[in-house]
Structure formats: structure tokens, C-alpha cells
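Heads up, the thing below is written out as C-alpha cells.
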Amino acid sequence: MNFFMTLKIAIRALLRNKMRTALTMLGIIIGIGSVIGMVSLGQGAQASAQAQINSMGANLLYITPGTITSSGTRIGSGSASTLNAEDVEAIKLELASIKAASPGVRANASVVFGNQNWTTSVQGVNEEFPQIRIWNVSSGEFFTQADVRSASRVCVLGQSVVNNLFTGIDPIGQTIRLRNLAFRVVGVMAVKGQSSFGPDQDDVIFIPYTAAQKKLLSISHIHFAMVSAISEQTTYTAQNEITALLRERHKLTASEADDFTVRNMTDVSEAADESNRILTILLGSIASVSLLVGGIGIMNIMLVSITERTREIGIRMAIGARSNQIRLQFLIEAIVLSSIGGLIGIAFGIGIAYAISAGFGWPTLISKTAIIVSVIFSIAVGVFFGFYPAHKAASLEPIEALRYE
């Protein structure tokens, strides 16, 4: 008797009791469906976090000044005034690992247009900011290097500012007032959305950092700097080179601590990846318990089936069926049960993923790898939990089996 005939007999045996077959597969369906659903949820969260981190800029390094101590209390990172625009210019000109760099000055200000007003964040940057943050201008243009040099009172608006001040009006060419100073709108940034840390990235106005220093705040230092490395592989090299250069420029001795901090966003990305990978494994592991229960269900039903079909096994042995053929038949029955259950479970899991996404708005990502692994795992469950019942059936003595009532 060849394999296909054995398969045909196994399927016919399963179809004789459709309800029992369906109930036996239920555990595998729920198990595989849970694994697919939970892994999709974890990978969706991972992809969403990675996309938000990438939206902050490719190969981004963020430099902030050190801390100051007031009345014996150290104030947080970035409170000192140890960074200036010349530091950023030196980083850009002297380090081969750097592609672009921008000083940064920030302030909160009430912005007024006509009889409308809005309080928002104002960021002073240079003309390389869109390249560093990979953030395009949707209309108009970004200010130029000449605007930065001359501290021109021009600005580029985030989309949330446009929505709150310019309903039905093209903002390009209009004049707004920041702290009673007139700024001409030259561009509007494309929608960026919420950052991975929560704030609305579109609720912002960009002006030349020189204008922010001289006309808004009357300061000579900068609050931060953004630097883009030439590639993801060079971010750590860039981080080390920036640290060495700034220590040299700030004349820090070997015993003195850095008066600045260089944050590598690749570290943030890798930390988020690791966190979400652990979450995916945890969710998948919890869901896998259902598969274990499903496998035990298959073994239980197969043992019951063998008990009921003892005389059938005895007759087949009596007319020439060998032990290996009996073992193969029942093993195939278990594999067919788990495989069909696995396929239905995959469809069930994809449905769960779409339902979670539609119902709760959580990002999900259907993984081909998870589907392939689930198919292989469901077959493995059939082999593992079907082997003992199949071996028990193959071990029956023909005479004893024929006498079984």
C-alpha cells in the first residue's frame, strides 16, 4: 500500500466523524490563530516604532550642552550654554563622517496673524535642517543660507500652525508676528505627525537660528545641534569624532567630564527594536501555550479513536498490513488534522490581526515568516503528538485486536 492510498484511508477515517474531527482541530486553530495574531501585533508595534524613529532623521546625532549647578542643585542636561554655532561649523567642516549639521535654538512664542493667535514652539535652525530631518517643504520653500547669514525675519510653518491660523488662506507671503516682531512666511512643511515621544511635530515654526539668537532671545549660544552622519555605519565613528573635537575646542583636560552630550539615534532605534522583539517573543510564547493544548487534544482523540477501531486494526493486520503501515496511517491522520487546523488557524489569525487594527487602531503587520513557521509548527505538532497513538496502534497484536469487543 503506497503513501497516497494510506493518505486516502486516513482522510476517509477522519471524514467518518466530522464533528469529532472539527472539535479536535479547534485547539490547533485557536493556537495558530493566536500566534499569528499576537506576532502580527508585536511586529506591527515594532514597525510603527521604527518608522517614527526613522522620521526623526537618518543617521541623526543630537548634541546638547551640559548641565549647570544652581544653589547646589544640578539642573538637567542642556541647561548650560557651552555650545555655540562655531562648534557646529567646526563639526561640519573638520569631520569627514558628517554630511550635514545645524545649530538649534528653541523658544515658545505666541504667534499672531490678523485676529488669530496661537502659542507654539519656535525653532531656530539653518538651511540644512530639511536634509537632516528628511522633512520636505510642501509649499513655498525653506529659507536659504543667505537668510541665515543676514538673520532675516522669515519663517516656515508646520502644518498644525497653518491649520490654526490660516483657515482658507494661503500662508505663503503672509506676515505673522512673533513676540511683536514681523516674520514673512516663505514655506510650509509637509505633515510629519506625532513623534515617538508624543509631541505633535507639526506644531512648530522654523526661523533662521541667527534670527532666533539676535531678535527673539538675545543670546549667543545655541540650545542644541543636529548632525547627520554620512551613513548608518558611521554614526558611532561620528559620535566619537564629535566628542573628541568638542573636548578639544572646549579645552577640557583628561580629568574633566564632557560639558556636552552626544546622543546617537541609532542607539534609540536599536533599543526600540530590542524592546519590541522581546514583546513579540513574549506574545508568541503566550499564544504557543494554546498550540500545546491543541496538540494534547489531538493525542487524546487519536487514542480514543484507536481504542474504538481496534478490531479494524486487527482485521487489517490479519489480511497482511504491516506494523509500519498501521503506524503511518495513524500518523498521517494526526498530521492531516494538525495541518488543516493550522491552515484554518492562519486565516483566523489574519482575521484577528485585521480586527485588532480596525477595532483599536493598533498597527499590525502580517509576517510571511510567522505564517511559514506556523505551518511547519502545526505539522510538527501533528508528528509529535500523533506518534505515540500511532505507535500504540502499530504495537497491537492481531489476535488480541480481533478479540477486542
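Labeling convention for the C-alpha cells: chains A, B, ... as they appear, residues from 1 per chain, ligands from 1 in order of appearance.
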
**Request:** Taking the chain letters and numbering used in this document, name the residues of segment 141-327 of chain A that DSSP puts in alpha helix (DSSP H), as a PyMOL selection string.
**Result:** chain A and resi 145-149+159-165+209-211+235-249+265-308+310-318+323-327

**Request:** Identify, on the basis of only C-alpha atoms, every residue whose closest approach to segment 341-357 of chain A does not exceed 12 Å; exclude the query and any residue fewer than 6 positions from it along the same chain; express the result as a ChimeraX atom specification.
**Result:** /A:21-45,287,290-291,294-295,298,334-335,363-368,370-382

Which segment 114-144 of chain A residues have any atom within 10 Å of an atom of segment 212-225 of chain A, and for each, what is the nearest pair of atoms with distance in Å to one decimal, counting only C-alpha atoms, rows sorted by chain and number, as JSON lines?
```
{"residue": "A:Val122", "atom": "CA", "partner": "A:Ala212", "partner_atom": "CA", "distance": 8.3}
{"residue": "A:Gln123", "atom": "CA", "partner": "A:Ala212", "partner_atom": "CA", "distance": 7.7}
{"residue": "A:Gly124", "atom": "CA", "partner": "A:Ala212", "partner_atom": "CA", "distance": 5.4}
{"residue": "A:Val125", "atom": "CA", "partner": "A:Ala212", "partner_atom": "CA", "distance": 8.6}
```

**Request:** Would you work out the distance separating atom CA of Thr144 of chain A from atom CA of Ile176 of chain A, expressed in Å to one decimal?
**Result:**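 Going from atom CA of Thr144 of chain A over to atom CA of Ile176 of chain A covers 19.0 Å.
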
**Prompt:** Counting only C-alpha atoms, which of A:Val268, A:Val156, A:Ile230, A:Leu83 gets nearest to Ile53 of chain A?
**Reply:**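 Nearest candidate to Ile53 of chain A out of A:Val268, A:Val156, A:Ile230, A:Leu83: A:Val268.
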
**Asked** Which of these residues is nearest to Ser395 of chain A, using only C-alpha atoms: A:Asn276, A:Thr261, A:Thr369, A:Gln325?
**Response**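 Counting only C-alpha atoms, the residue closest to Ser395 of chain A is A:Gln325.
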
**Pick from A:Arg249, A:Arg153, A:Arg133, A:Arg177 nearest to Ser110 of chain A, counting only C-alpha atoms** =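 Counting only C-alpha atoms, the residue closest to Ser110 of chain A is A:Arg177.
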
**Item:** Among the residues A:Phe260, A:Tyr209, A:Phe330, A:Phe183, the one that comes closest to Glu128 of chain A [using only C-alpha atoms]
**Value:**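 Of all the options, A:Tyr209 lies closest to Glu128 of chain A.
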
Would you return as a CSV table (one decimal) with all heavy atoms, in the first residue's frame the members of segment 180-341 of chain A that DSSP assigns to strand (DSSP E) on this structure's backbone?
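result-v4.csv, freshly written:
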```
chain,number,residue,atom,x,y,z
A,181,LEU,N,7.4,90.8,16.7
A,181,LEU,CA,8.3,91.0,15.5
A,181,LEU,C,7.7,90.4,14.3
A,181,LEU,O,7.1,89.3,14.4
A,181,LEU,CB,9.6,90.4,15.8
A,181,LEU,CG,10.5,91.0,16.9
A,181,LEU,CD1,11.7,90.1,17.2
A,181,LEU,CD2,10.9,92.4,16.6
A,182,ALA,N,7.7,91.1,13.2
A,182,ALA,CA,7.1,90.6,12.0
A,182,ALA,C,8.0,89.6,11.3
A,182,ALA,O,9.2,89.9,11.1
A,182,ALA,CB,6.8,91.8,11.0
A,183,PHE,N,7.4,88.5,10.9
A,183,PHE,CA,8.2,87.5,10.1
A,183,PHE,C,7.4,87.1,8.8
A,183,PHE,O,6.1,86.9,8.9
A,183,PHE,CB,8.4,86.2,10.9
A,183,PHE,CG,9.5,86.3,11.9
A,183,PHE,CD1,9.3,87.0,13.1
A,183,PHE,CD2,10.7,85.7,11.7
A,183,PHE,CE1,10.4,87.1,14.0
A,183,PHE,CE2,11.8,85.8,12.6
A,183,PHE,CZ,11.6,86.5,13.8
A,184,ARG,N,8.0,87.1,7.7
A,184,ARG,CA,7.4,86.7,6.5
A,184,ARG,C,7.4,85.2,6.3
A,184,ARG,O,8.4,84.6,6.4
A,184,ARG,CB,8.0,87.4,5.3
A,184,ARG,CG,7.4,87.1,3.9
A,184,ARG,CD,8.0,88.1,2.9
A,184,ARG,NE,9.5,88.0,2.8
A,184,ARG,CZ,10.1,87.1,2.1
A,184,ARG,NH1,9.5,86.2,1.3
A,184,ARG,NH2,11.4,87.1,2.1
A,185,VAL,N,6.2,84.6,5.9
A,185,VAL,CA,6.1,83.2,5.7
A,185,VAL,C,6.6,82.9,4.3
A,185,VAL,O,6.1,83.4,3.3
A,185,VAL,CB,4.6,82.7,5.9
A,185,VAL,CG1,4.5,81.2,5.6
A,185,VAL,CG2,4.1,83.1,7.3
A,186,VAL,N,7.6,82.0,4.2
A,186,VAL,CA,8.2,81.6,2.9
A,186,VAL,C,7.9,80.2,2.6
A,186,VAL,O,8.0,79.8,1.4
A,186,VAL,CB,9.7,81.8,2.9
A,186,VAL,CG1,10.0,83.3,3.0
A,186,VAL,CG2,10.4,81.0,3.9
A,187,GLY,N,7.4,79.4,3.5
A,187,GLY,CA,7.1,78.0,3.2
A,187,GLY,C,6.3,77.3,4.3
A,187,GLY,O,6.1,77.8,5.4
A,188,VAL,N,5.8,76.1,3.9
A,188,VAL,CA,5.0,75.3,4.8
A,188,VAL,C,5.6,73.9,4.7
A,188,VAL,O,5.8,73.3,3.6
A,188,VAL,CB,3.5,75.3,4.5
A,188,VAL,CG1,2.8,74.3,5.4
A,188,VAL,CG2,2.9,76.7,4.6
A,189,MET,N,5.9,73.3,5.9
A,189,MET,CA,6.5,72.0,5.9
A,189,MET,C,5.4,70.9,5.6
A,189,MET,O,4.2,71.1,5.9
A,189,MET,CB,7.1,71.7,7.3
A,189,MET,CG,8.2,72.7,7.7
A,189,MET,SD,9.6,72.7,6.6
A,189,MET,CE,10.3,71.1,6.8
A,204,VAL,N,4.9,73.7,15.0
A,204,VAL,CA,6.2,74.4,15.1
A,204,VAL,C,6.4,75.4,14.0
A,204,VAL,O,5.8,75.4,13.0
A,204,VAL,CB,7.4,73.3,15.0
A,204,VAL,CG1,7.4,72.7,13.6
A,204,VAL,CG2,8.7,73.9,15.3
A,205,ILE,N,7.2,76.4,14.3
A,205,ILE,CA,7.6,77.4,13.3
A,205,ILE,C,9.2,77.4,13.3
A,205,ILE,O,9.8,77.5,14.3
A,205,ILE,CB,7.1,78.8,13.7
A,205,ILE,CG1,5.6,78.9,13.7
A,205,ILE,CG2,7.7,79.9,12.8
A,205,ILE,CD1,5.0,80.2,14.2
A,206,PHE,N,9.7,77.3,12.1
A,206,PHE,CA,11.1,77.4,11.9
A,206,PHE,C,11.6,78.8,11.4
A,206,PHE,O,11.0,79.3,10.5
A,206,PHE,CB,11.6,76.3,10.9
A,206,PHE,CG,11.3,74.9,11.3
A,206,PHE,CD1,10.3,74.2,10.8
A,206,PHE,CD2,12.0,74.3,12.4
A,206,PHE,CE1,10.0,72.9,11.2
A,206,PHE,CE2,11.8,73.0,12.8
A,206,PHE,CZ,10.7,72.3,12.2
A,207,ILE,N,12.6,79.3,12.0
A,207,ILE,CA,13.2,80.5,11.6
A,207,ILE,C,14.7,80.4,11.6
A,207,ILE,O,15.2,79.4,12.1
A,207,ILE,CB,12.8,81.7,12.5
A,207,ILE,CG1,13.4,81.5,13.9
A,207,ILE,CG2,11.3,81.9,12.6
A,207,ILE,CD1,13.2,82.6,14.9
A,208,PRO,N,15.5,81.2,10.9
A,208,PRO,CA,16.9,81.1,10.9
A,208,PRO,C,17.4,81.2,12.4
A,208,PRO,O,16.9,82.1,13.2
A,208,PRO,CB,17.4,82.4,10.1
A,208,PRO,CG,16.2,82.6,9.2
A,208,PRO,CD,15.0,82.3,10.0
A,224,PHE,N,20.9,73.4,21.2
A,224,PHE,CA,21.2,72.0,20.7
A,224,PHE,C,21.8,72.1,19.3
A,224,PHE,O,21.8,73.1,18.7
A,224,PHE,CB,19.9,71.2,20.7
A,224,PHE,CG,18.8,71.6,19.8
A,224,PHE,CD1,18.7,71.2,18.5
A,224,PHE,CD2,17.9,72.6,20.2
A,224,PHE,CE1,17.7,71.6,17.7
A,224,PHE,CE2,16.9,73.0,19.4
A,224,PHE,CZ,16.8,72.5,18.1
A,225,ALA,N,22.2,70.9,18.8
A,225,ALA,CA,22.7,70.8,17.4
A,225,ALA,C,22.2,69.5,16.9
A,225,ALA,O,22.2,68.5,17.6
A,225,ALA,CB,24.2,71.0,17.4
A,226,MET,N,21.9,69.5,15.6
A,226,MET,CA,21.5,68.2,14.9
A,226,MET,C,22.6,67.9,13.9
A,226,MET,O,22.9,68.8,13.1
A,226,MET,CB,20.1,68.3,14.3
A,226,MET,CG,19.0,68.4,15.3
A,226,MET,SD,17.4,68.7,14.5
A,226,MET,CE,17.7,70.5,14.2
A,227,VAL,N,23.0,66.7,13.8
A,227,VAL,CA,24.1,66.3,12.9
A,227,VAL,C,23.7,65.0,12.2
A,227,VAL,O,23.2,64.1,12.8
A,227,VAL,CB,25.4,66.1,13.7
A,227,VAL,CG1,26.5,65.6,12.7
A,227,VAL,CG2,25.9,67.4,14.3
A,228,SER,N,23.9,65.0,10.9
A,228,SER,CA,23.6,63.8,10.1
A,228,SER,C,24.9,63.2,9.7
A,228,SER,O,25.7,63.8,9.0
A,228,SER,CB,22.7,64.1,8.9
A,228,SER,OG,22.4,63.0,8.2
A,229,ALA,N,25.1,61.9,10.0
A,229,ALA,CA,26.3,61.2,9.6
A,229,ALA,C,26.2,60.8,8.1
A,229,ALA,O,25.0,60.7,7.6
A,229,ALA,CB,26.6,60.0,10.5
A,260,PHE,N,29.0,68.5,27.4
A,260,PHE,CA,28.0,68.3,26.4
A,260,PHE,C,27.6,66.8,26.3
A,260,PHE,O,28.3,66.0,27.0
A,260,PHE,CB,28.6,68.8,25.0
A,260,PHE,CG,29.8,68.0,24.6
A,260,PHE,CD1,29.8,66.8,24.0
A,260,PHE,CD2,31.1,68.5,25.0
A,260,PHE,CE1,30.9,66.1,23.7
A,260,PHE,CE2,32.2,67.8,24.7
A,260,PHE,CZ,32.1,66.6,24.1
A,261,THR,N,26.6,66.5,25.6
A,261,THR,CA,26.2,65.2,25.4
A,261,THR,C,25.9,64.9,23.9
A,261,THR,O,25.2,65.7,23.3
A,261,THR,CB,24.9,64.9,26.2
A,261,THR,OG1,25.1,65.1,27.6
A,261,THR,CG2,24.4,63.4,26.1
A,262,VAL,N,26.4,63.8,23.4
A,262,VAL,CA,26.1,63.4,22.0
A,262,VAL,C,25.3,62.2,22.1
A,262,VAL,O,25.7,61.1,22.5
A,262,VAL,CB,27.4,63.2,21.2
A,262,VAL,CG1,27.1,62.8,19.8
A,262,VAL,CG2,28.3,64.3,21.3
A,263,ARG,N,24.0,62.3,21.6
A,263,ARG,CA,23.1,61.1,21.6
A,263,ARG,C,23.0,60.6,20.1
A,263,ARG,O,22.8,61.3,19.2
A,263,ARG,CB,21.7,61.5,22.0
A,263,ARG,CG,21.6,61.8,23.5
A,263,ARG,CD,20.2,61.9,24.0
A,263,ARG,NE,20.1,62.2,25.4
A,263,ARG,CZ,20.1,63.4,25.9
A,263,ARG,NH1,20.1,64.5,25.1
A,263,ARG,NH2,20.0,63.6,27.2
A,264,ASN,N,23.2,59.3,20.0
A,264,ASN,CA,23.2,58.6,18.8
A,264,ASN,C,21.8,58.0,18.6
A,264,ASN,O,21.4,57.1,19.4
A,264,ASN,CB,24.3,57.5,18.7
A,264,ASN,CG,24.4,56.9,17.4
A,264,ASN,OD1,23.5,57.0,16.6
A,264,ASN,ND2,25.5,56.2,17.1
```

**Prompt:** Quick one: residues within 12 Å of Met5 of chain A, only C-alpha atoms counted, chain neighbours fewer than 4 positions away excluded, as JSON, numbers by chain?
**Reply:** {"A": [1, 9, 10, 11, 12, 325, 328, 329, 332]}

Expected file: the selected residues, all heavy atoms, as a compact mmCIF listing (two decimals), in the first residue's frame:
```
# COMPACT_ATOMS: atom_id res chain seq x y z
N MET A 1 0.85 -1.19 0.00
CA MET A 1 0.00 0.00 0.00
C MET A 1 0.89 1.25 0.00
O MET A 1 1.73 1.42 0.88
CB MET A 1 -0.91 -0.02 1.25
CG MET A 1 -1.95 1.08 1.22
SD MET A 1 -3.23 0.78 2.46
CE MET A 1 -2.31 0.69 3.96
N ILE A 9 -7.00 6.61 2.92
CA ILE A 9 -7.67 5.88 4.01
C ILE A 9 -7.76 6.75 5.26
O ILE A 9 -8.79 6.80 5.95
CB ILE A 9 -6.90 4.57 4.31
CG1 ILE A 9 -7.02 3.61 3.13
CG2 ILE A 9 -7.42 3.92 5.59
CD1 ILE A 9 -6.14 2.37 3.26
N ALA A 10 -6.66 7.51 5.54
CA ALA A 10 -6.64 8.36 6.74
C ALA A 10 -7.70 9.45 6.63
O ALA A 10 -8.44 9.73 7.60
CB ALA A 10 -5.26 8.98 6.90
N ILE A 11 -7.79 10.09 5.46
CA ILE A 11 -8.79 11.16 5.28
C ILE A 11 -10.21 10.60 5.37
O ILE A 11 -11.09 11.20 5.98
CB ILE A 11 -8.56 11.86 3.91
CG1 ILE A 11 -7.23 12.61 3.94
CG2 ILE A 11 -9.71 12.80 3.60
CD1 ILE A 11 -6.85 13.23 2.62
N ARG A 12 -10.40 9.41 4.78
CA ARG A 12 -11.73 8.79 4.85
C ARG A 12 -12.11 8.49 6.30
O ARG A 12 -13.26 8.69 6.71
CB ARG A 12 -11.73 7.50 4.03
CG ARG A 12 -13.13 6.90 3.82
CD ARG A 12 -13.03 5.62 3.03
NE ARG A 12 -12.45 5.86 1.72
CZ ARG A 12 -11.93 4.91 0.95
NH1 ARG A 12 -11.87 3.67 1.39
NH2 ARG A 12 -11.46 5.20 -0.24
N GLN A 325 2.80 0.21 8.28
CA GLN A 325 1.68 0.79 7.54
C GLN A 325 0.60 1.29 8.50
O GLN A 325 -0.02 2.33 8.27
CB GLN A 325 1.11 -0.24 6.56
CG GLN A 325 2.07 -0.56 5.43
CD GLN A 325 1.59 -1.70 4.57
OE1 GLN A 325 0.92 -2.62 5.05
NE2 GLN A 325 1.93 -1.65 3.28
N LEU A 328 1.97 4.43 10.05
CA LEU A 328 1.94 5.54 9.09
C LEU A 328 0.53 6.09 8.92
O LEU A 328 0.32 7.31 8.84
CB LEU A 328 2.49 5.07 7.74
CG LEU A 328 2.55 6.13 6.63
CD1 LEU A 328 3.48 7.27 7.04
CD2 LEU A 328 3.02 5.50 5.31
N GLN A 329 -0.46 5.17 8.90
CA GLN A 329 -1.85 5.63 8.70
C GLN A 329 -2.29 6.58 9.82
O GLN A 329 -2.82 7.66 9.57
CB GLN A 329 -2.79 4.44 8.64
CG GLN A 329 -4.26 4.87 8.49
CD GLN A 329 -5.23 3.73 8.70
OE1 GLN A 329 -4.86 2.57 8.55
NE2 GLN A 329 -6.46 4.06 9.05
N ILE A 332 -0.41 9.84 9.77
CA ILE A 332 -0.93 10.73 8.72
C ILE A 332 -2.24 11.37 9.18
O ILE A 332 -2.49 12.55 8.93
CB ILE A 332 -1.11 9.95 7.40
CG1 ILE A 332 0.26 9.68 6.78
CG2 ILE A 332 -1.99 10.73 6.43
CD1 ILE A 332 0.20 8.83 5.54
```

**Residues within 7 Å of Leu402 of chain A, only C-alpha atoms, excluding chain neighbours under 2 positions, as a list in words** =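 Once the adjacent positions are removed, what remains is Arg311, Gly314, Ile315, Pro398, Ile399, Glu400 and Tyr404 of chain A.
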
Please dump the current selection as a compact mmCIF listing (two decimals), in the first residue's frame; keep all heavy atoms.
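Below is the file result-v3.txt, written as the result:
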```txt
# COMPACT_ATOMS: atom_id res chain seq x y z
N ARG A 311 -10.64 -3.44 16.46
CA ARG A 311 -10.98 -4.58 15.60
C ARG A 311 -10.60 -4.31 14.14
O ARG A 311 -10.14 -5.19 13.42
CB ARG A 311 -12.48 -4.92 15.70
CG ARG A 311 -12.83 -5.70 16.97
CD ARG A 311 -14.31 -6.03 16.98
NE ARG A 311 -14.70 -6.89 15.85
CZ ARG A 311 -14.55 -8.21 15.84
NH1 ARG A 311 -14.03 -8.82 16.87
NH2 ARG A 311 -14.92 -8.91 14.79
N GLY A 314 -7.05 -4.92 13.80
CA GLY A 314 -6.79 -6.36 13.81
C GLY A 314 -7.08 -6.98 12.46
O GLY A 314 -6.31 -7.83 11.96
N ILE A 315 -8.20 -6.59 11.84
CA ILE A 315 -8.56 -7.15 10.52
C ILE A 315 -7.52 -6.77 9.48
O ILE A 315 -7.10 -7.61 8.66
CB ILE A 315 -9.97 -6.64 10.11
CG1 ILE A 315 -11.03 -7.24 11.04
CG2 ILE A 315 -10.27 -6.98 8.66
CD1 ILE A 315 -12.40 -6.64 10.88
N PRO A 398 -2.35 -8.80 16.45
CA PRO A 398 -3.53 -9.03 15.59
C PRO A 398 -4.60 -9.89 16.25
O PRO A 398 -5.79 -9.58 16.16
CB PRO A 398 -2.92 -9.73 14.37
CG PRO A 398 -1.50 -9.31 14.35
CD PRO A 398 -1.10 -9.13 15.78
N ILE A 399 -4.20 -10.97 16.94
CA ILE A 399 -5.18 -11.88 17.56
C ILE A 399 -5.94 -11.15 18.66
O ILE A 399 -7.18 -11.21 18.74
CB ILE A 399 -4.47 -13.12 18.14
CG1 ILE A 399 -3.74 -13.86 17.03
CG2 ILE A 399 -5.50 -14.03 18.82
CD1 ILE A 399 -4.64 -14.36 15.91
N GLU A 400 -5.17 -10.41 19.51
CA GLU A 400 -5.81 -9.68 20.61
C GLU A 400 -6.73 -8.59 20.06
O GLU A 400 -7.80 -8.32 20.61
CB GLU A 400 -4.74 -9.05 21.51
CG GLU A 400 -3.88 -10.05 22.26
CD GLU A 400 -4.72 -10.93 23.21
OE1 GLU A 400 -5.69 -10.39 23.79
OE2 GLU A 400 -4.42 -12.12 23.33
N TYR A 404 -10.93 -8.04 20.48
CA TYR A 404 -11.38 -6.87 21.25
C TYR A 404 -12.86 -6.57 20.99
O TYR A 404 -13.32 -6.57 19.86
CB TYR A 404 -10.55 -5.65 20.87
CG TYR A 404 -10.85 -4.43 21.71
CD1 TYR A 404 -10.30 -4.27 22.98
CD2 TYR A 404 -11.71 -3.44 21.22
CE1 TYR A 404 -10.59 -3.16 23.75
CE2 TYR A 404 -12.00 -2.32 21.99
CZ TYR A 404 -11.44 -2.19 23.25
OH TYR A 404 -11.74 -1.09 24.01
```

**Request:** In Å, rounded to a single decimal, give me how far atom CA of Gly284 of chain A is from atom CA of Ser48 of chain A.
**Result:**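 Calculated distance between atom CA of Ser48 of chain A and atom CA of Gly284 of chain A is 18.5 Å.
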
**Prompt:** So how many Å separate atom CA of Asn59 of chain A and atom CA of Leu246 of chain A, to one decimal?
**Reply:**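 Rounded to one decimal, the two atoms are 19.3 Å apart.
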
**Asked** Taking into account only C-alpha atoms, which residue in the set A:Ser305, A:Glu141, A:Asp259, A:Lys251 is nearest to Arg16 of chain A?
**Response**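 Smallest distance to Arg16 of chain A is found for A:Ser305.
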
**Request:** May I ask which of the residues A:Leu331, A:Ile313, A:Leu337, A:Met302 is the closest one to Ala401 of chain A, counting only C-alpha atoms?
**Result:**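 Among the listed residues, the smallest separation from Ala401 of chain A belongs to A:Ile313.
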